[in-house]
Each structure stands twice: as C-alpha cells, then as structure tokens.
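Colleague: Before I ask anything, let me first share the structure, which is written out below as structure tokens.
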Amino acid sequence: MSVAPRLRSALAAVAPRRSDLRADLVAGVPGAIGSVPDGMAASVLAGVNPVHGLYAGLAGPLAGGLASSSQLMVVTTTSAAALAAGSTLRDVSPADRPGALFLLTALAGAAMILAGILRLGRYTRFVPHSVMIGLLSGVAVNIICGQLVDLTGSTVTSSNSVARAVEVLAHPGRISATSLAVGLAALVLIVGLGRTRLGPFAAVIALVVPTAVVLLADVAGVARVDDAGAIPQGLPVPALPELRNLTPSLAFGALAIAVIVLVQGAGVAESAPNPDGSPADADRNFVAQGVGNVAAGLVQGQPVGGSVGQTALNVTSGARSRWGAIASGLWMAVILVALSGLVGRVAVPTLAAVLIAAAAGSLRPGQVAAIFRTSATSQVALITTFTATLLVPVTQAVGIGVATSLLLQLNQEALDLRVVVLEPLGDGRFVEHPAPERLPDESVTVLHVYGSLLYAGSRTLAARLPEVRGSHAPVVVLRLRGRMSLGATFFQVVAGYASDVEAAGGRFYVSGVDPALIEQMERNGMVPLKASLGVFEAEPTLGASTAAAVADAGEWLVQRKAQAE
C-alpha cells in the first residue's frame, strides 16, 4: 500500500463520528475543568510553575488521544509521573529547572515511543503487582506528607517529605491558622461534594470557593500560586528543548518515568475497554503516551501518561470515542486563553488540599491486604518498594522494587525446585514417586524436575539429584520436556552428573528434548558427552520419547549383563 492510501486510512480511523461528536465534546468539558487542579497540583509536585501542568493538560490529551489504541484513555498529568519528575530535578537549580523539565519530558516520550516500536508491551507483566502497589502507596504517602507544609503554611528546613511532615507536627507554633483554615475548608468541600452530582467538579469548587473568600475578605498571610512566578496568559509557543540540560541523571530519570508511565498506563487501558469492542494494543498505547510526552515537552509541559482519574471521569461523562479525550485538550486551550489570569490567584493551601485528597483516594488498602495474604515474596517486595519510595527518589525506588522482587522470585523458585522419579507402567504411562537418596544399582531411574532450572535453580538441582557414589552401573533418564532454553550453570551441573554416572559404570540419557534445546546443548559441548549421553527428541505424544529412552536403557543393561557373563 502506498503512502497516500495509508494516510487516508489512518485519518479515517481517528476522524470523529458525527453521531458521537456532541457527546464527546460535552464529555470533554468536565475533563478539562478537572485537569486544571490536577495539572496545577502536578506542577507543585514537579517543583515548577503550575502553568506547565496546564500546558501538559493541553498537549497530552490532544496528541495522546489521536494516537492511542485505547479510545477512552486520557493521557495527561499523573501524580506518580510528576513526583518522579520532581525527584529527578530536585538537585537542579530553580532557574534551570523548567528547561530541564521540558527536556526530561521529551526524552521520556522518546523512550516510550521506542518501547512501542520495539514491541515491548508484553514486558510490562514483569513488573510485579506488589511492586506497583508499593510504589503507588509510597507515592500517595509521599504526597500527603509533602503537602502538609503548604496546607498549614508552615516553614520547614527538611527536604525529605516524611521529615517535612514530622517537622510540621513537631512544631505546631509554626502553623499559620489562616492557611490551615483555608486548606481544611477545601478538604471539607472535596469530601462533602465527592459523592454528590457535583463530584466531578469538587476539586475545582474546592479551589475557587476558599480562594474567593480569601480575595474578597482581603485575608493576609495566605500564599498564592503566582507568588512562585507569574502565570502567562494564552497558548504556549512550541520550542525545542535545549540539549545543554542533558545529564546522566536526567537521562536515567527519563527512563524511570517511562517505566512508571507505561506500566500505569497498561492498567488504565485495561480499566477502560474500547466501546466498539476492539482490543487494545499495548505497543500502540506505548507510542501514544510517548507522542503525548514529546508534544508536552515541545509546548513547555511536564510528563504525562494514562490517568486513572481522568480516564474514569471521561467514561462517566459519556465519552463515546477518542474525541472525548481530545475534546478535553481543546477545552483546556480555551481555559488557557480566557482564564489563565485567574489561575495565579488560587490559594496554595487549596492546591495542597486537592493533592492530599487525591493521594488519600489513590490508596488501595484492600489490595495491600490481599498482597499480605499471599506469599512472603510479594509482602517483602511491597514493603521494600513502599519504604524506598519514602526514603529515596521515586526513580530509584522503582529499580529497587523490581530488583528486590526478581531476586526474591528467583530465590523462591530455587527453593521450590523438586526432583521426582517417574516409574514406567509399561503402557506408556508413569507413576510419580519421591526421588531416592542414592541411585539404585543396575536399573533405570527416570527423573523429572519441577521448578525453574535457571540461575540458582540449577545449583539447587545439583543438591537434590540422587547420590551417585556407591551405586553400581546406574542408568538415569532426565526428562526435559517443556524446557525451551537452559543456562550455562545447568549444563555444567548436568555434565558433571553425567560424568559421575559414567564413572560408576552407568549411562545417562535426556528425553523430551526440544530441537532448540538440542542446538543449545551442542553449543555447550554436551552432544555427544563422551559415549554415555543418549538424547531423545520430544515427540508429539506425551511420554513417547521418555519411553523410548527407557527401552534403550533397558537394552543397554541387558547387553551389559550378557557381556559380563
């Protein structure tokens, strides 16, 4: 197919349907309004001017919505991505932080696009559920602790969010009663309106009403958004991020943000199936979130990803296609042109209240309890990731959580390894028995292994194979059906065991061997292993190759006895 037909086909796939357009445009209104407090709050977490969160709320839904495979997913600011960005940039000077943020966002987007092109969507399953819950729980607690300072108007000297919260609580005399009252009023409005028809607009009302009271009553001592910098009016002017801000830390942070966004986005896509029943393409969603980040970086925005809250709002608001998300970006453009001047007047304690309420709502105690009812591996992974998120930057906490989980999993698989004996019944079937401590003399022993044979599993196998010493002319058939690839440690262990069997006057076989595994064995010098190794390739009929190996071994024993006589 030439370029022109492909282009027409792509445009037709994303073109709005007239029957759905009105519903999608209406659904985009609460999304855009909700993106105002969410975007501003995300900028607070990233440590930059709130306008950059609003710019991200413009570019992310537009670019991500056009490219996404999940039609109802909204690509916009998320707390996890914002906190990860803030962790990456915390050592960057305030003057250089915006430029570094734009480059960080674009780099994260490029990494996501590359992940989609390389079709890495299937690898999101390697990030354990316990790690993600630990990370998101840690992010939520981090946000709550970090925002107590702005909620109370306190002054602190600590940099870690938990330490800042402790300092606030330890020095109540530093708390501004006025700021605290404004923040608590916002929290009351969010909680009180959350379960009413005004629920989708609760965060906006919580920003507007207390701020209006502060302005009309001319209350002094309450920080405002524009105290940290002027909020420009109008749409952002696209510009290329400056490469002079590139550092190894920034590059690593971009990769970590990409991982966080992609894994979280995969969960969001599952929660919002396509209205037409078409399956979501994880790799295309990777590209869509990457495109959204590149677009956000070009318009001075911050990292974006599939948003749980905004996607749920898009669905409940009646969106019928991808144009519900796109419309929220279009309405955000209207807000930036008409209302950005008012954004700077928002009271900072109300923003802190929005963040605290959102973070508290994102906690999943039921899922945490479910994890604690499962294995110790999951428990340790959750606790480790949660603790790391509180103590170190989020970008490092992700790596610590995944590495801990993988190590625990590998250790558990090694401990769970079990060696059994399969006794032939003569009709092609086998009966399973525990493996003996020592190989019996002049008889065939069929061994089957349950569990992983990679890494430490092979060392465990060496310890659990029946003892060869003291045996006379033992014959071993090791069944490998279902093993597609094995490591160097396994080949070293099996070669040593086969040599011991041969030294005892016996013979060693492997059965059920996949052709790809035979090639791997040849590369490792195991075919032939002197004269003692018999290799029987896997057959379509289960047990056929093992039965053939047992028959061959029986004939060898008969011949050996005949020669001895």
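Convention: chains lettered A, B, ... in structure tokens order; per-chain residue numbering from 1; ligands numbered from 1 as shown.
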Write out as JSON lines the residues of region 9-98 of chain A that have any atom within 12 Å of an atom of region 359-363 of chain A, one row each with the nearest atom pair and its distance in Å to one decimal, counting only C-alpha atoms, sorted by chain and then rising number.

Modeller:
```
{"residue": "A:Asp38", "atom": "CA", "partner": "A:Ala359", "partner_atom": "CA", "distance": 11.4}
{"residue": "A:Ala41", "atom": "CA", "partner": "A:Ala359", "partner_atom": "CA", "distance": 11.1}
{"residue": "A:Ala42", "atom": "CA", "partner": "A:Ala359", "partner_atom": "CA", "distance": 11.6}
{"residue": "A:Leu45", "atom": "CA", "partner": "A:Ala359", "partner_atom": "CA", "distance": 11.8}
{"residue": "A:Thr78", "atom": "CA", "partner": "A:Ala359", "partner_atom": "CA", "distance": 10.9}
{"residue": "A:Ser79", "atom": "CA", "partner": "A:Ala359", "partner_atom": "CA", "distance": 8.2}
{"residue": "A:Ala80", "atom": "CA", "partner": "A:Ala359", "partner_atom": "CA", "distance": 10.0}
{"residue": "A:Leu83", "atom": "CA", "partner": "A:Ala359", "partner_atom": "CA", "distance": 11.7}
```

Colleague: For Phe490 (chain A), work out the shell of residues within 9 Å, counting only C-alpha atoms and skipping chain neighbours fewer than 6 positions away, then give it as a count of residues only.

Modeller: 8

Colleague: Counting only C-alpha atoms, which of A:Gly116, A:Pro248, A:Gly482, A:Pro349 gets nearest to Ala206 (chain A)?

Modeller: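 Under the stated criterion, the closest residue is A:Pro349.
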
Colleague: Name the residues in contact with region 443-449 of chain A at a cut-off of 6 Å, using only C-alpha atoms, excluding same-chain residues fewer than 6 positions from it; report them as number ranges by chain.

Modeller: A: 418-422, 474-479

Colleague: Quick one: write out the picked residues with N, CA, C and O atoms as a PDB file, in the first residue's frame?

Modeller:
```pdb
ATOM      1  N   ARG A 418      11.850 -29.327  42.826  1.00  0.00           N
ATOM      2  CA  ARG A 418      11.603 -30.670  43.345  1.00  0.00           C
ATOM      3  C   ARG A 418      11.982 -31.688  42.278  1.00  0.00           C
ATOM      4  O   ARG A 418      11.661 -31.513  41.097  1.00  0.00           O
ATOM      5  N   VAL A 419      12.689 -32.744  42.674  1.00  0.00           N
ATOM      6  CA  VAL A 419      13.079 -33.831  41.775  1.00  0.00           C
ATOM      7  C   VAL A 419      12.274 -35.076  42.142  1.00  0.00           C
ATOM      8  O   VAL A 419      12.227 -35.462  43.320  1.00  0.00           O
ATOM      9  N   VAL A 420      11.607 -35.675  41.151  1.00  0.00           N
ATOM     10  CA  VAL A 420      10.807 -36.868  41.387  1.00  0.00           C
ATOM     11  C   VAL A 420      11.250 -37.978  40.431  1.00  0.00           C
ATOM     12  O   VAL A 420      11.917 -37.720  39.420  1.00  0.00           O
ATOM     13  N   VAL A 421      10.855 -39.206  40.769  1.00  0.00           N
ATOM     14  CA  VAL A 421      11.108 -40.368  39.912  1.00  0.00           C
ATOM     15  C   VAL A 421       9.812 -40.748  39.209  1.00  0.00           C
ATOM     16  O   VAL A 421       8.750 -40.821  39.850  1.00  0.00           O
ATOM     17  N   LEU A 422       9.881 -40.987  37.910  1.00  0.00           N
ATOM     18  CA  LEU A 422       8.735 -41.465  37.139  1.00  0.00           C
ATOM     19  C   LEU A 422       8.935 -42.957  36.859  1.00  0.00           C
ATOM     20  O   LEU A 422       9.868 -43.352  36.162  1.00  0.00           O
ATOM     21  N   PRO A 474      24.437 -47.486  37.449  1.00  0.00           N
ATOM     22  CA  PRO A 474      23.108 -46.862  37.420  1.00  0.00           C
ATOM     23  C   PRO A 474      22.813 -46.267  36.041  1.00  0.00           C
ATOM     24  O   PRO A 474      23.726 -45.855  35.322  1.00  0.00           O
ATOM     25  N   VAL A 475      21.555 -46.245  35.667  1.00  0.00           N
ATOM     26  CA  VAL A 475      21.133 -45.607  34.413  1.00  0.00           C
ATOM     27  C   VAL A 475      20.114 -44.524  34.765  1.00  0.00           C
ATOM     28  O   VAL A 475      19.143 -44.781  35.487  1.00  0.00           O
ATOM     29  N   VAL A 476      20.361 -43.322  34.246  1.00  0.00           N
ATOM     30  CA  VAL A 476      19.497 -42.178  34.553  1.00  0.00           C
ATOM     31  C   VAL A 476      18.906 -41.639  33.260  1.00  0.00           C
ATOM     32  O   VAL A 476      19.621 -41.433  32.277  1.00  0.00           O
ATOM     33  N   VAL A 477      17.580 -41.389  33.271  1.00  0.00           N
ATOM     34  CA  VAL A 477      16.899 -40.683  32.174  1.00  0.00           C
ATOM     35  C   VAL A 477      16.348 -39.390  32.769  1.00  0.00           C
ATOM     36  O   VAL A 477      15.454 -39.432  33.630  1.00  0.00           O
ATOM     37  N   LEU A 478      16.897 -38.271  32.343  1.00  0.00           N
ATOM     38  CA  LEU A 478      16.437 -36.962  32.831  1.00  0.00           C
ATOM     39  C   LEU A 478      15.443 -36.391  31.825  1.00  0.00           C
ATOM     40  O   LEU A 478      15.787 -36.111  30.675  1.00  0.00           O
ATOM     41  N   ARG A 479      14.211 -36.234  32.247  1.00  0.00           N
ATOM     42  CA  ARG A 479      13.147 -35.739  31.361  1.00  0.00           C
ATOM     43  C   ARG A 479      13.149 -34.218  31.349  1.00  0.00           C
ATOM     44  O   ARG A 479      13.033 -33.580  32.396  1.00  0.00           O
TER      45      ARG A 479
END
```

Colleague: Go through region 267-361 of chain A and collect every residue that DSSP, computed from the backbone, puts in helix (DSSP H, G or I); the answer should be as a PyMOL selection string.

Modeller: chain A and resi 267-271+282-298+308-316+323-343+348-361

Colleague: Contacts of Leu89 (chain A) at 8 Å or less, counting only C-alpha atoms, minus same-chain residues fewer than 4 places along, as a list in words?

Modeller: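 Counting only the stated atoms, we get Ala46, Ala85, Arg97, Ala100, Leu101 and Leu250 of chain A.
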